[in-house]
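Shown next: input.csv, given as CSV, C-alpha atoms.
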chain,number,residue,atom,x,y,z
A,1,MET,CA,115.2,128.2,185.3
A,2,ASP,CA,115.3,129.9,188.7
A,3,GLU,CA,112.8,132.6,189.4
A,4,GLN,CA,114.7,134.8,191.9
A,5,ARG,CA,116.7,136.8,189.4
A,6,GLN,CA,115.1,139.0,186.8
A,7,PRO,CA,116.2,138.9,183.1
A,8,PRO,CA,118.7,141.5,182.0
A,9,ALA,CA,117.1,144.8,181.2
A,10,THR,CA,119.6,146.3,178.9
A,11,TYR,CA,122.0,145.4,176.1
A,12,GLU,CA,125.0,146.3,178.3
A,13,GLU,CA,123.9,144.1,181.2
A,14,LEU,CA,124.2,140.9,179.1
A,15,ALA,CA,127.2,142.1,177.0
A,16,LYS,CA,129.2,142.8,180.2
A,17,MET,CA,128.7,139.2,181.3
A,18,ILE,CA,130.7,137.9,178.3
A,19,ASP,CA,134.3,136.8,178.3
A,20,HIS,CA,135.0,136.5,174.5
A,21,SER,CA,137.2,133.4,174.2
A,22,LEU,CA,140.2,133.3,171.9
A,23,LEU,CA,141.9,130.2,173.4
A,24,ARG,CA,141.7,127.5,170.7
A,25,PRO,CA,145.2,126.4,169.7
A,26,GLU,CA,144.6,126.7,165.9
A,27,LEU,CA,143.7,130.4,165.9
A,28,SER,CA,145.9,132.5,163.6
A,29,GLU,CA,146.9,136.1,164.5
A,30,GLN,CA,144.3,137.2,162.0
A,31,ASP,CA,141.7,135.2,163.9
A,32,VAL,CA,142.7,136.8,167.1
A,33,ALA,CA,142.6,140.3,165.5
A,34,GLU,CA,139.1,139.6,164.3
A,35,GLY,CA,138.1,138.3,167.7
A,36,CYS,CA,139.4,141.5,169.3
A,37,ARG,CA,137.4,143.6,166.7
A,38,ILE,CA,134.3,141.7,167.7
A,39,ALA,CA,134.9,142.3,171.4
A,40,ARG,CA,135.3,146.0,170.8
A,41,GLU,CA,132.3,146.3,168.6
A,42,TYR,CA,130.0,144.4,170.9
A,43,GLY,CA,131.4,145.9,174.1
A,44,VAL,CA,131.9,142.7,176.1
A,45,ALA,CA,133.5,142.5,179.5
A,46,ALA,CA,136.8,140.9,178.6
A,47,VAL,CA,138.7,138.9,176.0
A,48,MET,CA,140.4,135.7,177.1
A,49,LEU,CA,143.6,135.2,175.1
A,50,ARG,CA,146.5,132.7,174.8
A,51,PRO,CA,149.4,134.2,176.7
A,52,SER,CA,151.5,134.7,173.5
A,53,ASP,CA,148.7,136.9,172.0
A,54,VAL,CA,148.5,139.3,174.9
A,55,ASP,CA,151.0,141.9,173.6
A,56,LEU,CA,149.3,142.3,170.2
A,57,ALA,CA,145.8,142.2,171.7
A,58,SER,CA,146.7,144.9,174.2
A,59,ARG,CA,147.2,147.3,171.3
A,60,TRP,CA,144.1,146.2,169.4
A,61,LEU,CA,141.9,146.6,172.5
A,62,ALA,CA,143.5,149.9,173.8
A,63,GLY,CA,140.9,152.5,174.7
A,64,SER,CA,138.0,150.0,174.2
A,65,GLY,CA,137.0,149.4,177.8
A,66,VAL,CA,137.3,145.6,177.1
A,67,ARG,CA,139.5,144.0,179.8
A,68,LEU,CA,142.5,142.0,178.8
A,69,GLY,CA,142.5,138.5,180.1
A,70,SER,CA,144.6,135.4,179.7
A,71,VAL,CA,145.2,132.0,181.3
A,72,ALA,CA,147.7,130.2,183.6
A,73,GLY,CA,148.2,126.4,184.1
A,74,PHE,CA,145.9,126.0,181.0
A,75,PRO,CA,144.3,123.7,180.1
A,76,HIS,CA,145.1,120.9,182.4
A,77,GLY,CA,146.2,122.6,185.7
A,78,SER,CA,149.0,120.2,186.4
A,79,SER,CA,152.0,122.6,186.2
A,80,THR,CA,153.7,123.4,189.4
A,81,THR,CA,152.6,126.3,191.6
A,82,ALA,CA,155.8,128.1,190.9
A,83,SER,CA,155.2,128.0,187.2
A,84,LYS,CA,151.6,129.2,187.6
A,85,LEU,CA,152.9,132.1,189.7
A,86,TYR,CA,155.4,133.0,187.1
A,87,GLU,CA,152.8,132.9,184.4
A,88,ALA,CA,150.6,135.2,186.4
A,89,GLN,CA,153.4,137.6,187.1
A,90,ASP,CA,154.4,137.7,183.4
A,91,LEU,CA,150.8,138.3,182.3
A,92,LEU,CA,150.3,141.1,184.8
A,93,ARG,CA,153.5,142.8,183.5
A,94,ARG,CA,151.9,142.7,180.1
A,95,GLY,CA,148.8,144.5,181.2
A,96,VAL,CA,146.5,141.5,181.8
A,97,LYS,CA,143.6,142.3,184.3
A,98,GLU,CA,141.9,139.0,184.4
A,99,VAL,CA,143.7,135.6,185.0
A,100,ASP,CA,141.8,132.3,184.5
A,101,MET,CA,143.8,129.6,186.2
A,102,VAL,CA,143.1,125.9,186.1
A,103,ILE,CA,143.0,124.2,189.5
A,104,ASN,CA,145.3,121.2,190.0
A,105,ILE,CA,142.7,118.6,189.0
A,106,GLY,CA,144.9,115.7,190.0
A,107,LYS,CA,145.5,117.1,193.5
A,108,MET,CA,141.8,117.7,193.9
A,109,ILE,CA,141.0,114.1,192.9
A,110,SER,CA,143.7,112.9,195.3
A,111,ARG,CA,142.1,115.1,198.0
A,112,GLU,CA,145.3,117.0,198.6
A,113,PHE,CA,143.3,120.0,199.6
A,114,GLN,CA,146.0,121.8,201.5
A,115,TYR,CA,148.1,121.9,198.3
A,116,VAL,CA,145.2,123.3,196.3
A,117,GLU,CA,144.4,125.9,198.9
A,118,SER,CA,148.0,127.1,199.2
A,119,GLU,CA,148.3,127.4,195.4
A,120,LEU,CA,145.0,129.4,195.2
A,121,LEU,CA,146.0,131.7,198.0
A,122,GLN,CA,149.3,132.5,196.4
A,123,MET,CA,147.7,133.1,193.0
A,124,ALA,CA,145.0,135.3,194.5
A,125,ASN,CA,147.6,137.4,196.3
A,126,ILE,CA,149.7,138.0,193.2
A,127,CYS,CA,146.7,138.9,191.1
A,128,HIS,CA,145.2,141.2,193.6
A,129,GLN,CA,148.5,143.0,194.2
A,130,GLY,CA,148.7,143.5,190.4
A,131,GLY,CA,145.2,144.9,190.2
A,132,ALA,CA,143.8,141.8,188.5
A,133,VAL,CA,141.0,139.4,189.2
A,134,LEU,CA,141.5,135.6,189.5
A,135,LYS,CA,139.1,133.1,188.1
A,136,VAL,CA,139.7,129.5,189.2
A,137,ILE,CA,138.7,126.8,186.7
A,138,PHE,CA,137.5,123.6,188.3
A,139,GLU,CA,137.0,121.4,185.2
A,140,ASN,CA,133.9,119.9,186.6
A,141,ALA,CA,133.8,117.0,184.1
A,142,TYR,CA,136.4,115.3,186.2
A,143,LEU,CA,135.1,116.1,189.7
A,144,THR,CA,132.5,114.5,191.9
A,145,GLU,CA,129.9,116.6,193.5
A,146,ASP,CA,131.7,116.6,196.9
A,147,LEU,CA,134.9,117.8,195.2
A,148,LYS,CA,133.0,120.6,193.5
A,149,ILE,CA,131.6,121.7,196.8
A,150,ILE,CA,135.1,121.5,198.5
A,151,ALA,CA,136.6,123.5,195.6
A,152,CYS,CA,134.0,126.2,196.1
A,153,LYS,CA,134.8,126.4,199.8
A,154,ILE,CA,138.5,126.6,199.1
A,155,CYS,CA,137.8,129.5,196.7
A,156,LYS,CA,135.9,131.3,199.4
A,157,ARG,CA,138.7,130.8,202.0
A,158,THR,CA,141.4,132.1,199.6
A,159,ASP,CA,139.4,135.2,198.4
A,160,VAL,CA,139.6,134.3,194.7
A,161,ASP,CA,137.2,136.4,192.6
A,162,PHE,CA,135.4,133.8,190.4
A,163,ALA,CA,134.9,130.0,190.4
A,164,LYS,CA,134.6,128.8,186.8
A,165,THR,CA,133.1,125.5,185.6
A,166,SER,CA,135.5,124.4,182.8
A,167,THR,CA,138.1,125.1,180.1
A,168,GLY,CA,136.0,124.1,177.1
A,169,PHE,CA,138.6,121.3,176.4
A,170,ALA,CA,137.1,118.6,178.6
A,171,PRO,CA,134.3,116.1,177.6
A,172,THR,CA,131.6,118.4,179.1
A,173,GLY,CA,131.3,122.1,179.9
A,174,ALA,CA,128.9,124.0,182.1
A,175,THR,CA,125.7,122.3,183.2
A,176,MET,CA,122.8,124.0,184.9
A,177,GLU,CA,123.1,121.5,187.8
A,178,ASP,CA,126.7,122.5,188.4
A,179,LEU,CA,126.0,126.2,188.1
A,180,ARG,CA,123.2,126.0,190.7
A,181,LEU,CA,125.5,124.1,193.0
A,182,MET,CA,128.4,126.5,192.6
A,183,VAL,CA,126.2,129.6,193.0
A,184,ARG,CA,124.7,128.2,196.1
A,185,VAL,CA,128.0,127.2,197.8
A,186,CYS,CA,130.0,130.3,196.7
A,187,GLY,CA,127.2,132.6,197.9
A,188,ASP,CA,128.2,136.3,197.9
A,189,ARG,CA,131.9,135.6,198.5
A,190,VAL,CA,132.9,134.3,195.1
A,191,LYS,CA,131.2,134.9,191.7
A,192,VAL,CA,130.6,132.1,189.2
A,193,LYS,CA,131.5,131.9,185.6
A,194,ALA,CA,130.0,129.4,183.2
A,195,ALA,CA,132.2,128.1,180.4
A,196,GLY,CA,131.7,125.5,177.8
A,197,GLY,CA,128.5,125.3,175.8
A,198,VAL,CA,127.0,128.8,176.1
A,199,ARG,CA,126.4,129.3,172.4
A,200,THR,CA,122.9,130.7,172.2
A,201,LEU,CA,120.9,133.6,173.6
A,202,GLU,CA,118.6,131.1,175.4
A,203,LYS,CA,121.5,129.5,177.2
A,204,ALA,CA,123.1,132.9,178.0
A,205,LEU,CA,119.8,134.0,179.7
A,206,GLN,CA,119.6,130.7,181.6
A,207,VAL,CA,123.1,131.1,183.1
A,208,HIS,CA,122.2,134.7,184.0
A,209,GLN,CA,119.0,133.7,185.7
A,210,VAL,CA,120.7,130.9,187.7
A,211,GLY,CA,123.1,133.5,189.2
A,212,CYS,CA,126.2,133.6,187.1
A,213,ALA,CA,128.2,136.8,186.8
A,214,ARG,CA,130.1,135.9,183.7
A,215,PHE,CA,130.1,133.3,180.9
A,216,GLY,CA,132.7,132.4,178.3
A,217,ALA,CA,131.6,132.5,174.7
A,218,THR,CA,133.0,132.1,171.2
A,219,ALA,CA,129.5,132.8,169.6
A,220,THR,CA,129.5,136.3,171.1
A,221,ALA,CA,128.3,138.1,167.9
A,222,ALA,CA,125.4,135.7,167.4
A,223,ILE,CA,124.3,135.8,171.0
A,224,LEU,CA,124.4,139.6,171.1
A,225,ASP,CA,122.8,140.1,167.7
A,226,ASP,CA,119.9,138.0,168.9
A,227,TRP,CA,119.8,140.0,172.1
A,228,LYS,CA,119.6,143.3,170.2
A,229,ALA,CA,116.8,141.9,168.1
A,230,HIS,CA,115.0,140.7,171.2
A,231,LEU,CA,115.2,144.1,172.9
A,232,ALA,CA,114.1,145.8,169.7
A,233,ALA,CA,111.1,143.5,169.5
A,234,GLN,CA,110.2,144.2,173.1
A,235,ALA,CA,110.4,148.0,172.5
A,236,ALA,CA,108.3,147.9,169.3
A,237,PRO,CA,104.9,149.6,169.3
A,238,THR,CA,101.9,147.4,169.9
A,239,PRO,CA,99.0,147.4,167.5
A,240,THR,CA,97.2,149.8,169.7
A,241,GLY,CA,100.0,152.3,169.6
A,242,GLY,CA,101.6,151.6,172.9
A,243,LEU,CA,105.0,150.1,173.6
A,244,GLY,CA,105.5,146.4,174.0
A,245,PRO,CA,106.6,144.8,177.3
A,246,VAL,CA,110.2,145.6,178.5
A,247,SER,CA,110.8,142.2,180.1
Taking this structure as input, can you express it in the form of C-alpha cells?
Amino acid sequence: MDEQRQPPATYEELAKMIDHSLLRPELSEQDVAEGCRIAREYGVAAVMLRPSDVDLASRWLAGSGVRLGSVAGFPHGSSTTASKLYEAQDLLRRGVKEVDMVINIGKMISREFQYVESELLQMANICHQGGAVLKVIFENAYLTEDLKIIACKICKRTDVDFAKTSTGFAPTGATMEDLRLMVRVCGDRVKVKAAGGVRTLEKALQVHQVGCARFGATATAAILDDWKAHLAAQAAPTPTGGLGPVS
C-alpha cells in the first residue's frame, strides 16, 4: 500500500467513496428497491442502476442525498457513438447525475484513438451540460499497459470526470497495479474509480490509499458495517482510561 495518503478519518469519508452497484441482469425490482434502501441507510455517494430502473429508483432515493447513476454503452462499449449519446440524454432527462460509459474496447485495441477521443468529448459535453459527471470504463482486462496509459491521456484531454477500471463483467476487475498506473497518469485532472473485486473493508482501504476517489461495490453493507466497528474500536477507552488511537 502507498504511504502518501492517510486512511479515512470518518465514516462519511469512506461511505462517500462508494457507488452501490445494482447492475446485474438478474436483479428483480424488489432487489433494486432493497439496494436503494441500503444506499439510503448507509449514506453512500451514488447508486449505479440499469437504465430501466432509473425512474423507480429516483422516487426511492428522493431526498436521500444519494446521487442517481446509470450506464451507457454497457457492458461492452461497442454501440455507436450516436446511441451512447442518446442513452446519456435520456438518462439525464430522467434525473441521472452520474453516467458510467464503457469505452469502445474494440476501437482502443485497433488503436483508433481519434474515434475514441471524439466519442468521449461528445459524451463529456452532454453530461456536463446536463449537470452530470461522466465516468469512462476502460475494461482493463482486455487492454495492454500502453493502451491503459493512452486511455487515461484521452480522458484528460476530453475533460471526463473519472476513469474507471472495469464493468465487473470481464474476466478480471480492479488490480492494485492498474489503479496505481491510472492514478499516476490521470494525476489531478481525472479521478479514478475502482470496480470489480472490492468486497471487503481491507480492499476498500487499499483502493483509498492508492488514490482512488470512488469504488463500486455490491458488498456495501458488509464493508460499512466493518468500518463502523473499526471506528468504534479505535474510539474505545484504553485500559488506562484514555481513548484509543484515531487512525
Close residues, A:Gly168 itself excluded, 8 Å, all atoms listed in the file, min 2 positions apart in chain, as a list in words: Ser166, Ala170, Thr172, Gly173, Ala195, Gly196 and Gly197 of chain A
Residues within 12 Å of (143.2, 122.1, 188.8), file coords, all atoms listed in the file, listed as a PyMOL selection string: chain A and resi 72-81+84+100-113+115-117+119-120+135-143+147-148+151+163-167
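Ranking A:Ala33, A:Ala194, A:Leu49, A:Ala88 by their shortest atom-to-atom distance to A:Arg214, with only C-alpha atoms included, puts A:Ala194 first.
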A:Asp90 environment, 12 Å, all atoms listed in the file, sequence neighbours closer than 3 positions dropped, as JSON, numbers by chain: {"A": [51, 52, 54, 55, 70, 71, 72, 83, 84, 85, 86, 87, 93, 94, 95, 96, 97, 99, 126, 127, 130]}
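The closest residue to A:Val210, picked from A:Ser64, A:Thr175, A:Ser28, A:Gln89 and counting all atoms listed in the file, is A:Thr175.
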